[in-house]
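Everything below belongs to entry-v7.cif, which stores mmCIF, C-alpha atoms.
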```cif
data_entry
#
loop_
_atom_site.label_atom_id
_atom_site.label_comp_id
_atom_site.auth_asym_id
_atom_site.auth_seq_id
_atom_site.Cartn_x
_atom_site.Cartn_y
_atom_site.Cartn_z
CA MET A 1 0.00 0.00 0.00
CA THR A 2 5.02 1.70 -3.18
CA SER A 3 7.58 3.82 -3.29
CA GLY A 4 9.92 5.80 -5.52
CA ALA A 5 8.96 7.74 -8.57
CA GLU A 6 7.57 4.99 -10.80
CA ALA A 7 4.28 6.00 -12.35
CA SER A 8 1.15 3.94 -12.06
CA ARG A 9 0.77 1.41 -14.84
CA GLU A 10 -2.47 0.69 -16.63
CA GLY A 11 -4.51 -1.73 -14.54
CA TRP A 12 -2.15 -1.76 -11.59
CA SER A 13 -1.42 0.67 -8.82
CA ARG A 14 2.15 1.84 -8.31
CA ARG A 15 1.89 0.24 -4.89
CA ARG A 16 1.46 -3.21 -6.34
CA PHE A 17 4.12 -2.61 -8.98
CA ILE A 18 6.82 -1.71 -6.46
CA GLY A 19 5.81 -4.47 -4.07
CA ALA A 20 6.14 -7.03 -6.85
CA LEU A 21 9.59 -5.95 -8.08
CA GLY A 22 12.08 -8.67 -7.43
CA GLY A 23 9.57 -10.67 -5.43
CA THR A 24 7.55 -13.82 -5.72
CA ALA A 25 4.67 -11.93 -7.33
CA ALA A 26 6.74 -10.30 -10.03
CA VAL A 27 4.27 -11.12 -12.80
CA ILE A 28 0.95 -9.35 -12.43
CA ALA A 29 -2.16 -10.71 -14.09
CA VAL A 30 -4.79 -8.03 -14.47
CA PRO A 31 -8.36 -9.20 -15.03
CA ALA A 32 -11.11 -6.90 -16.20
CA PRO A 33 -12.18 -4.79 -13.20
CA ALA A 34 -15.35 -5.94 -11.52
CA SER A 35 -18.10 -3.44 -10.89
CA ALA A 36 -19.08 -2.87 -7.28
CA PRO A 37 -22.64 -3.91 -6.45
CA ALA A 38 -24.90 -0.89 -6.21
CA ASP A 39 -27.04 -2.39 -3.49
CA PRO A 40 -25.75 -3.93 -0.26
CA GLY A 41 -28.30 -6.67 -0.77
CA THR A 42 -26.41 -7.69 -3.91
CA THR A 43 -23.40 -9.58 -2.65
CA PRO A 44 -20.40 -11.24 -4.24
CA THR A 45 -20.16 -15.01 -4.08
CA THR A 46 -18.90 -16.11 -0.70
CA GLY A 47 -17.42 -19.25 0.62
CA SER A 48 -14.66 -20.81 2.68
CA THR A 49 -12.03 -23.32 1.66
CA ALA A 50 -12.07 -24.89 5.10
CA ALA A 51 -14.89 -26.59 6.95
CA LYS A 52 -13.97 -24.96 10.23
CA ALA A 53 -12.97 -21.33 10.00
CA PRO A 54 -12.21 -19.31 13.12
CA ALA A 55 -15.32 -18.15 14.89
CA PRO A 56 -15.38 -14.47 15.83
CA ALA A 57 -14.43 -13.82 19.41
CA ALA A 58 -15.25 -11.01 21.77
CA PRO A 59 -12.47 -8.47 22.35
CA PRO A 60 -10.07 -9.67 25.06
CA ALA A 61 -10.44 -8.36 28.57
CA ALA A 62 -7.91 -5.86 29.87
CA GLY A 63 -4.48 -7.42 30.35
CA LYS A 64 -2.85 -10.31 28.53
CA ALA A 65 -5.17 -12.50 26.45
CA SER A 66 -4.91 -16.28 26.27
CA GLY A 67 -6.05 -19.02 23.92
CA PRO A 68 -6.86 -18.79 20.19
CA ARG A 69 -7.87 -15.45 18.70
CA PRO A 70 -9.14 -14.59 15.19
CA LEU A 71 -6.71 -13.35 12.56
CA TYR A 72 -7.71 -12.03 9.13
CA LEU A 73 -5.23 -11.74 6.26
CA GLY A 74 -5.31 -9.40 3.27
CA THR A 75 -3.87 -10.23 -0.14
CA TYR A 76 -4.12 -9.51 -3.85
CA THR A 77 -6.32 -11.91 -5.79
CA SER A 78 -5.24 -10.60 -9.21
CA VAL A 79 -1.51 -11.35 -8.99
CA ASP A 80 0.36 -14.55 -9.72
CA GLY A 81 0.80 -16.41 -6.45
CA GLY A 82 -1.81 -14.28 -4.73
CA GLY A 83 -4.70 -15.41 -2.60
CA THR A 84 -8.30 -16.15 -3.49
CA GLY A 85 -9.89 -13.90 -0.88
CA ILE A 86 -9.55 -12.88 2.76
CA GLY A 87 -7.40 -15.36 4.66
CA LEU A 88 -8.92 -16.87 7.81
CA ALA A 89 -6.69 -17.95 10.68
CA THR A 90 -6.28 -17.97 14.43
CA TYR A 91 -3.30 -17.12 16.58
CA ASP A 92 -2.37 -18.30 20.03
CA ALA A 93 -2.36 -15.21 22.22
CA SER A 94 0.41 -16.61 24.41
CA THR A 95 2.78 -18.19 21.90
CA GLY A 96 1.93 -16.19 18.79
CA LYS A 97 1.57 -19.33 16.68
CA ILE A 98 -0.75 -18.88 13.68
CA THR A 99 -3.03 -21.65 12.44
CA GLY A 100 -4.69 -21.34 9.04
CA ALA A 101 -8.44 -21.93 8.71
CA GLY A 102 -9.36 -21.31 5.08
CA THR A 103 -10.40 -18.37 2.96
CA LEU A 104 -13.40 -16.10 2.63
CA THR A 105 -13.88 -15.76 -1.13
CA GLY A 106 -15.92 -13.21 -3.03
CA VAL A 107 -13.84 -10.11 -2.25
CA ALA A 108 -11.47 -8.95 -4.98
CA ASP A 109 -7.99 -7.69 -4.03
CA PRO A 110 -8.68 -7.23 -0.29
CA SER A 111 -5.32 -5.59 0.35
CA TYR A 112 -6.31 -3.77 3.55
CA LEU A 113 -8.69 -4.77 6.32
CA THR A 114 -10.20 -3.19 9.40
CA VAL A 115 -12.93 -4.05 11.89
CA HIS A 116 -15.88 -2.14 13.34
CA PRO A 117 -15.39 -0.97 16.96
CA ASP A 118 -18.07 -3.44 18.09
CA GLY A 119 -16.10 -6.33 16.56
CA ARG A 120 -19.03 -7.61 14.51
CA THR A 121 -18.18 -6.44 10.99
CA LEU A 122 -15.02 -6.67 8.90
CA TYR A 123 -14.32 -4.16 6.14
CA ALA A 124 -12.02 -4.67 3.16
CA VAL A 125 -10.85 -2.51 0.30
CA ASP A 126 -11.28 -3.89 -3.22
CA GLU A 127 -8.07 -2.44 -4.64
CA GLN A 128 -9.07 -2.40 -8.29
CA THR A 129 -9.54 0.21 -11.00
CA ALA A 130 -13.22 0.32 -10.11
CA GLY A 131 -12.48 0.73 -6.42
CA ALA A 132 -14.90 -0.45 -3.76
CA VAL A 133 -15.20 -1.23 -0.06
CA THR A 134 -16.86 -4.42 1.18
CA ALA A 135 -18.53 -5.27 4.51
CA VAL A 136 -18.47 -8.80 5.96
CA ARG A 137 -20.56 -9.88 8.96
CA LEU A 138 -18.22 -11.93 11.13
CA ALA A 139 -20.83 -14.02 12.95
CA ASP A 140 -21.53 -16.05 9.80
CA ARG A 141 -19.04 -14.49 7.37
CA LYS A 142 -21.79 -13.22 5.13
CA VAL A 143 -20.71 -10.55 2.66
CA LEU A 144 -23.13 -7.68 3.28
CA GLY A 145 -22.32 -5.96 0.02
CA ALA A 146 -19.87 -3.54 -1.55
CA ARG A 147 -19.98 0.15 -2.35
CA SER A 148 -17.99 2.15 -4.88
CA THR A 149 -15.34 4.43 -3.40
CA GLY A 150 -15.66 6.80 -6.34
CA GLY A 151 -12.02 6.29 -7.23
CA ALA A 152 -9.35 3.82 -8.30
CA GLY A 153 -7.06 1.67 -6.22
CA PRO A 154 -8.42 2.10 -2.67
CA CYS A 155 -5.58 1.03 -0.37
CA HIS A 156 -6.63 1.98 3.16
CA LEU A 157 -9.76 2.24 5.27
CA SER A 158 -10.68 2.93 8.87
CA VAL A 159 -13.86 3.21 10.92
CA HIS A 160 -14.68 6.43 12.75
CA PRO A 161 -14.77 5.82 16.54
CA THR A 162 -18.54 6.42 16.55
CA GLY A 163 -18.89 3.33 14.36
CA ARG A 164 -21.13 5.29 11.97
CA TRP A 165 -18.69 6.15 9.15
CA LEU A 166 -16.18 4.25 7.02
CA LEU A 167 -13.25 6.28 5.72
CA SER A 168 -11.30 5.10 2.67
CA ALA A 169 -8.35 6.35 0.60
CA ASN A 170 -8.16 5.92 -3.19
CA TYR A 171 -4.45 5.65 -3.99
CA THR A 172 -4.50 5.73 -7.78
CA SER A 173 -6.96 8.61 -8.15
CA GLY A 174 -5.80 10.58 -5.09
CA SER A 175 -9.12 10.98 -3.28
CA VAL A 176 -10.78 10.04 0.00
CA ALA A 177 -14.33 8.86 0.59
CA VAL A 178 -16.86 8.49 3.40
CA HIS A 179 -19.60 5.84 3.62
CA PRO A 180 -22.32 5.54 6.27
CA ILE A 181 -22.51 2.34 8.33
CA ASP A 182 -25.97 1.15 9.37
CA SER A 183 -26.91 -0.77 12.51
CA SER A 184 -26.24 -4.11 10.79
CA GLY A 185 -22.71 -3.06 9.80
CA ALA A 186 -23.63 -2.73 6.11
CA LEU A 187 -22.50 0.27 4.07
CA GLY A 188 -24.74 2.92 2.55
CA GLU A 189 -24.19 5.17 -0.45
CA ARG A 190 -21.11 7.39 -0.30
CA THR A 191 -21.71 10.71 1.49
CA ALA A 192 -18.44 12.44 0.58
CA LEU A 193 -15.61 12.27 -1.95
CA ALA A 194 -12.69 14.71 -1.73
CA LYS A 195 -10.12 14.87 -4.53
CA HIS A 196 -6.62 16.13 -3.73
CA SER A 197 -6.20 18.67 -6.53
CA SER A 198 -3.81 21.03 -4.72
CA PRO A 199 -0.87 21.34 -4.29
CA GLN A 200 0.73 19.99 -7.44
CA PRO A 201 2.33 16.52 -7.34
CA GLY A 202 5.77 16.24 -5.79
CA PRO A 203 8.99 15.36 -7.64
CA GLY A 204 8.68 12.19 -9.69
CA GLN A 205 4.95 11.83 -9.02
CA ASP A 206 2.26 11.60 -11.70
CA GLY A 207 -0.56 12.89 -9.52
CA PRO A 208 -2.06 12.74 -6.05
CA HIS A 209 -1.93 9.37 -4.29
CA ALA A 210 -4.02 9.17 -1.12
CA HIS A 211 -2.48 6.47 1.05
CA GLN A 212 -4.28 6.67 4.38
CA PHE A 213 -7.41 8.18 5.94
CA VAL A 214 -7.67 8.19 9.74
CA THR A 215 -9.50 9.91 12.59
CA ALA A 216 -7.63 12.18 14.99
CA PRO A 217 -8.02 11.50 18.73
CA ASP A 218 -10.39 14.49 19.05
CA GLY A 219 -12.88 12.63 16.82
CA GLY A 220 -13.98 15.71 14.89
CA HIS A 221 -11.07 15.81 12.45
CA VAL A 222 -9.98 13.20 9.92
CA LEU A 223 -6.58 13.27 8.24
CA ALA A 224 -5.63 12.05 4.77
CA VAL A 225 -2.00 11.26 3.96
CA ASP A 226 -1.16 11.80 0.29
CA LEU A 227 2.13 10.43 -1.02
CA GLY A 228 1.79 12.11 -4.42
CA THR A 229 1.36 15.69 -3.19
CA ASP A 230 3.66 15.46 -0.13
CA THR A 231 0.72 16.63 1.96
CA VAL A 232 -1.38 15.61 4.96
CA TYR A 233 -4.89 17.06 4.57
CA THR A 234 -7.08 17.72 7.61
CA TYR A 235 -10.85 17.66 7.16
CA ARG A 236 -13.63 18.32 9.59
CA LEU A 237 -16.07 15.43 9.45
CA ASP A 238 -19.73 16.25 10.00
CA THR A 239 -20.66 13.23 12.10
CA THR A 240 -24.35 13.75 11.37
CA LYS A 241 -24.19 14.08 7.58
CA GLY A 242 -20.91 12.35 6.77
CA THR A 243 -19.58 15.31 4.78
CA LEU A 244 -16.03 16.67 4.68
CA ALA A 245 -14.72 20.24 4.89
CA GLU A 246 -10.99 20.80 4.41
CA VAL A 247 -9.54 22.91 7.23
CA SER A 248 -5.78 22.53 6.95
CA GLN A 249 -2.84 21.21 4.94
CA ALA A 250 0.56 20.15 6.27
CA HIS A 251 3.41 19.80 3.78
CA THR A 252 6.47 17.60 4.02
CA ARG A 253 9.67 18.54 2.27
CA ALA A 254 9.46 18.01 -1.49
CA GLY A 255 9.75 14.37 -2.50
CA ALA A 256 9.27 12.90 0.97
CA GLY A 257 6.29 10.80 -0.13
CA PRO A 258 4.33 10.55 3.15
CA ARG A 259 2.58 7.20 3.59
CA SER A 260 1.53 6.37 7.15
CA LEU A 261 0.49 8.50 10.14
CA THR A 262 -0.19 7.35 13.68
CA PHE A 263 -1.15 9.38 16.76
CA HIS A 264 0.36 9.30 20.21
CA PRO A 265 -2.33 8.39 22.80
CA GLY A 266 -2.00 11.86 24.33
CA GLY A 267 -3.50 13.36 21.18
CA ARG A 268 -0.99 16.21 20.80
CA TYR A 269 1.61 14.48 18.63
CA ALA A 270 1.67 12.14 15.66
CA TYR A 271 4.36 10.24 13.76
CA LEU A 272 4.66 10.23 9.98
CA ALA A 273 6.46 7.63 7.85
CA ASN A 274 7.79 9.01 4.55
CA GLU A 275 8.10 6.28 1.96
CA VAL A 276 10.03 7.96 -0.83
CA ASP A 277 12.83 9.75 1.05
CA ASP A 278 13.18 6.97 3.66
CA THR A 279 12.50 9.07 6.78
CA ILE A 280 10.05 9.58 9.62
CA ALA A 281 8.95 12.79 11.33
CA VAL A 282 7.37 13.84 14.61
CA CYS A 283 4.34 16.07 14.09
CA ALA A 284 2.64 18.45 16.51
CA TYR A 285 -1.15 18.36 16.39
CA ASP A 286 -3.68 20.98 17.50
CA PRO A 287 -6.97 19.26 18.41
CA GLY A 288 -8.85 22.56 18.35
CA THR A 289 -8.06 23.44 14.75
CA GLY A 290 -6.95 20.11 13.33
CA ALA A 291 -3.68 21.69 12.19
CA LEU A 292 -0.69 19.36 11.88
CA SER A 293 2.90 20.69 11.98
CA ILE A 294 5.47 18.32 10.50
CA GLY A 295 8.88 18.26 12.16
CA ALA A 296 12.35 17.55 10.81
CA PRO A 297 13.02 14.24 9.05
CA GLN A 298 14.64 11.49 11.11
CA SER A 299 16.27 8.15 10.34
CA SER A 300 14.13 5.13 9.50
CA GLY A 301 16.82 2.89 10.94
CA GLY A 302 17.67 1.56 7.49
CA THR A 303 21.31 0.65 6.94
CA GLY A 304 21.62 2.27 3.52
CA SER A 305 22.87 -0.97 1.99
CA THR A 306 19.70 -1.30 -0.06
CA THR A 307 16.89 0.98 -1.18
CA ASN A 308 14.43 1.22 1.68
CA TYR A 309 10.77 2.20 1.67
CA PRO A 310 9.27 2.83 5.13
CA ALA A 311 5.78 1.37 5.29
CA GLN A 312 3.61 1.54 8.40
CA ILE A 313 4.38 3.23 11.70
CA LEU A 314 2.47 2.53 14.91
CA VAL A 315 2.73 3.35 18.61
CA THR A 316 1.97 1.24 21.66
CA SER A 317 -1.23 1.94 23.56
CA ASN A 318 0.72 3.31 26.53
CA GLY A 319 2.62 5.68 24.24
CA ALA A 320 6.03 4.37 25.30
CA TYR A 321 7.33 2.91 22.04
CA ALA A 322 6.86 3.26 18.30
CA TYR A 323 7.61 0.73 15.57
CA LEU A 324 8.30 1.20 11.87
CA ALA A 325 8.23 -1.43 9.11
CA ASN A 326 11.10 -1.03 6.66
CA ARG A 327 10.68 -2.61 3.22
CA GLY A 328 13.99 -3.24 1.48
CA ASP A 329 15.95 -3.15 4.70
CA ASN A 330 13.43 -5.77 5.87
CA THR A 331 13.57 -4.70 9.48
CA LEU A 332 11.40 -3.32 12.23
CA ALA A 333 12.76 -0.14 13.79
CA ARG A 334 12.03 0.46 17.48
CA TYR A 335 11.83 3.96 18.93
CA ALA A 336 11.51 5.23 22.48
CA VAL A 337 8.79 7.87 22.72
CA GLU A 338 9.98 10.71 24.93
CA ALA A 339 8.91 14.15 26.17
CA ASP A 340 5.23 13.15 26.40
CA GLY A 341 5.23 12.23 22.72
CA ALA A 342 7.24 15.14 21.35
CA ARG A 343 10.38 13.14 20.60
CA LEU A 344 11.34 9.79 19.05
CA ARG A 345 14.69 8.17 19.80
CA LEU A 346 15.83 5.28 17.61
CA LEU A 347 16.76 2.27 19.77
CA GLY A 348 17.59 -0.23 17.06
CA THR A 349 16.17 -2.64 14.50
CA VAL A 350 15.37 -6.35 14.24
CA PRO A 351 15.03 -8.44 11.05
CA VAL A 352 11.43 -9.27 10.10
CA SER A 353 12.37 -12.81 9.03
CA GLY A 354 10.63 -12.11 5.73
CA ASP A 355 10.78 -9.94 2.64
CA PHE A 356 9.07 -6.54 2.19
CA PRO A 357 7.06 -5.97 5.40
CA ARG A 358 4.10 -4.10 3.95
CA GLN A 359 1.96 -3.68 7.10
CA ILE A 360 2.28 -4.19 10.85
CA ALA A 361 -0.29 -4.53 13.63
CA LEU A 362 -0.31 -5.04 17.38
CA SER A 363 -2.61 -7.56 19.00
CA PRO A 364 -5.40 -5.92 21.06
CA ASP A 365 -3.53 -6.60 24.30
CA GLY A 366 -0.28 -5.23 22.85
CA THR A 367 1.81 -8.32 23.59
CA LEU A 368 2.29 -9.43 19.97
CA LEU A 369 3.28 -7.60 16.80
CA PHE A 370 2.40 -9.00 13.35
CA THR A 371 4.17 -8.16 10.08
CA ALA A 372 2.66 -8.97 6.66
CA ASN A 373 5.61 -9.66 4.35
CA GLN A 374 4.50 -9.17 0.76
CA ARG A 375 7.34 -10.64 -1.29
CA SER A 376 8.01 -13.67 0.89
CA SER A 377 4.27 -14.39 1.28
CA THR A 378 4.61 -14.77 5.04
CA VAL A 379 3.37 -13.31 8.30
CA SER A 380 5.91 -12.95 11.12
CA VAL A 381 4.90 -12.62 14.76
CA PHE A 382 6.95 -11.00 17.52
CA HIS A 383 6.59 -10.95 21.29
CA VAL A 384 6.61 -7.38 22.63
CA ASP A 385 8.41 -6.83 25.95
CA ASP A 386 6.22 -4.75 28.25
CA ASN A 387 9.14 -2.94 29.86
CA THR A 388 11.62 -2.39 27.05
CA GLY A 389 9.52 -2.66 23.90
CA GLN A 390 12.01 -5.18 22.54
CA LEU A 391 10.77 -7.57 19.86
CA THR A 392 11.47 -11.29 19.88
CA LEU A 393 10.47 -13.51 16.95
CA ALA A 394 7.78 -16.00 17.95
CA GLY A 395 8.67 -19.09 15.91
CA GLU A 396 8.71 -19.61 12.16
CA PRO A 397 6.73 -17.17 9.97
CA PHE A 398 3.34 -18.34 8.72
CA ALA A 399 2.90 -18.89 4.97
CA SER A 400 0.17 -16.69 3.47
CA PRO A 401 -0.06 -15.86 -0.26
CA VAL A 402 1.14 -12.32 -1.04
CA ALA A 403 0.56 -11.21 2.54
CA VAL A 404 -0.10 -7.47 2.57
CA CYS A 405 -2.26 -7.08 5.68
CA ALA A 406 -2.62 -8.93 9.00
CA LEU A 407 -5.52 -8.00 11.29
CA PRO A 408 -5.42 -9.68 14.73
CA LEU A 409 -8.58 -9.43 16.86
#
```
What's the structure tokens form of this structure?
Amino acid sequence: MTSGAEASREGWSRRRFIGALGGTAAVIAVPAPASAPADPGTTPTTGSTAAKAPAPAAPPAAGKASGPRPLYLGTYTSVDGGGTGIGLATYDASTGKITGAGTLTGVADPSYLTVHPDGRTLYAVDEQTAGAVTAVRLADRKVLGARSTGGAGPCHLSVHPTGRWLLSANYTSGSVAVHPIDSSGALGERTALAKHSSPQPGPGQDGPHAHQFVTAPDGGHVLAVDLGTDTVYTYRLDTTKGTLAEVSQAHTRAGAGPRSLTFHPGGRYAYLANEVDDTIAVCAYDPGTGALSIGAPQSSGGTGSTTNYPAQILVTSNGAYAYLANRGDNTLARYAVEADGARLRLLGTVPVSGDFPRQIALSPDGTLLFTANQRSSTVSVFHVDDNTGQLTLAGEPFASPVAVCALPL
């Protein structure tokens, strides 16, 4: 969800093109794009390749979880060696061991996944030219329907904390969309679509490329990270109507290629991973206005021995440590978060035991970290030390075709 100045190719997103270079999915087969159903009652074909898929589980209680927990895996269905839908698995909350449990078919190119705050509905992007977002009821894994995102190549989505709105980012067309979520978890017709037409694309870019769309801790502002325009856009979301009003822009240095933003739990600072210039930055955030101020670029922890593309950055729930996935360097960088969130200090890196870590996620209790390794088609799991934030590999990586997203519940 990738890097550099390569332009998008017809039928593929630049994200897929870069991820495939030199990897196991180097040959891309591009089928004719499927149209998104116009009515949530019209659903794609669904099914599972296993008789016993993981049953949804309630969120774990506070503290360390135990026993098997659900894990959902995103992939590309239109690449050689890719998956056939959303991967179903469980993981042992104590050991980190992953056990496969089949596939939920009927969702095309589900490269990014998220879950509703109530844990009952899974949402997936359909990263195709005719971009869409799909809702899946977890109780029986019924596909509730898909809605058009109004753009091409949607690569990220998130649910507003109220549970009423789905936010999605269209990478190829450089726009962000909002869909209402009804009481069943199904999606309604799009209520907003904002195209990033200004400023002009950064060096080497062919246009805007929205890469992420997330809610700020204040709940009233939503921020869109655009790699193509070197800009983070802040919008005010009308939580009654689902409309967007742009209120602020924050610009990186030219050619940084911002990709992933995560907030410190305190709500006053955020951390930005820049894919193209291989850096991260600490950002100050004003909850009152939604204004983001991007600080000086810092090291990604990459060694410089190979071209490196920082992917996702995240922070622990207690705000003590941050982690960054480095594609190319194939490491996870660990940072100490200092000065109440205002400073990051690089502590070191560990190998991901895979190739091209596209996305990372912490388990709900924060004791495990998952990396989806695109080129090696694996998911690695690490134990997270409560006191030091150190990462320790939890056994052999799990094989998963073109793994680009791991969502532990």
Using the chain letters and numbering of this document, enumerate as JSON, numbers by chain the residues selected by the PyMOL selection byres ((chain A and resi 296-303) around 6).
-> {"A": [279, 280, 281, 295, 304, 305, 329, 333]}
Picked residues, the PyMOL selection byres ((chain A and resi 385-390) around 10), as a list in words = Thr316, Asn318, Ala320, Tyr321, Ala322, Tyr323, Arg334, Tyr335, Ala336, Leu347, Gly348, Thr349, Val350, Gly366, Thr367, Leu368, Phe382, His383, Val384, Leu391 and Thr392 of chain A
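Candidate residues A:Cys283, A:Ala210, A:Ile294, A:Leu344 were compared for distance to Ser175 in chain A, and the nearest is A:Ala210, using only C-alpha atoms.
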Can you list what the PyMOL selection byres ((chain A and resi 289) around 10) grabs from this structure, as a VMD selection string?
-> chain A and resid 220 to 221 234 to 236 247 to 248 285 to 288 290 to 292
Residue contacts of Pro351 in chain A (8 Å, only C-alpha atoms) excluding same-chain residues fewer than 3 positions away, as a PyMOL selection string = chain A and resi 330-332+354
Would you kindly return, as a PyMOL selection string, each protein, DNA or RNA residue with an atom no farther than 8 Å from any atom of Pro401 in chain A, considering all atoms listed in the file and excluding same-chain residues fewer than 3 positions away?
-> chain A and resi 75+81-83+377-378
For Gly188 in chain A: contacts at 8 Å, all atoms listed in the file, fewer than 3 positions along chain excluded, given as number ranges by chain = A: 40, 147, 179-182
Could I get the residues of range 299-377 of chain A with an atom no further than 12 Å from an atom of range 109-126 of chain A, each paired with its nearest atom pair and that distance in Å to one decimal, using all atoms listed in the file, sorted by chain and residue number, as JSON lines?
```
{"residue": "A:Arg358", "atom": "CA", "partner": "A:Ser111", "partner_atom": "CA", "distance": 10.2}
{"residue": "A:Gln359", "atom": "CA", "partner": "A:Tyr112", "partner_atom": "CA", "distance": 9.0}
{"residue": "A:Ile360", "atom": "CA", "partner": "A:Tyr112", "partner_atom": "CA", "distance": 11.3}
{"residue": "A:Ala361", "atom": "CA", "partner": "A:Thr114", "partner_atom": "CA", "distance": 10.9}
{"residue": "A:Pro364", "atom": "CA", "partner": "A:Gly119", "partner_atom": "CA", "distance": 11.6}
{"residue": "A:Ala372", "atom": "CA", "partner": "A:Ser111", "partner_atom": "CA", "distance": 10.7}
{"residue": "A:Gln374", "atom": "CA", "partner": "A:Ser111", "partner_atom": "CA", "distance": 10.5}
```
Could you check which of A:Gly85, A:Gly328, A:Pro199, A:Pro217 is closest to Gly267 in chain A, using only C-alpha atoms?
-> A:Pro217
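Closest approach to Tyr171 in chain A from the set A:Leu407, A:Val352, A:Ala224, A:Val136 is made by A:Ala224, with distances taken over all atoms listed in the file.
We find CA of Leu237 in chain A and CA of Leu167 in chain A to be spaced 10.3 Å apart.
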Sorted by chain and rising residue number, list the residues of range 236-296 of chain A at most 12 Å from range 149-163 of chain A (counting all atoms listed in the file), each with its closest atom pair and distance in Å to one decimal, as CSV.
```
residue,atom,partner,partner_atom,distance
A:Leu237,CA,A:His160,CA,9.7
A:Asp238,CA,A:His160,CA,11.4
A:Thr239,CA,A:Thr162,CA,8.4
A:Thr240,CA,A:Thr162,CA,10.7
A:Gly242,CA,A:His160,CA,10.5
A:Arg259,CA,A:His156,CA,10.6
A:Ser260,CA,A:His156,CA,10.1
A:Leu261,CA,A:His156,CA,11.9
```
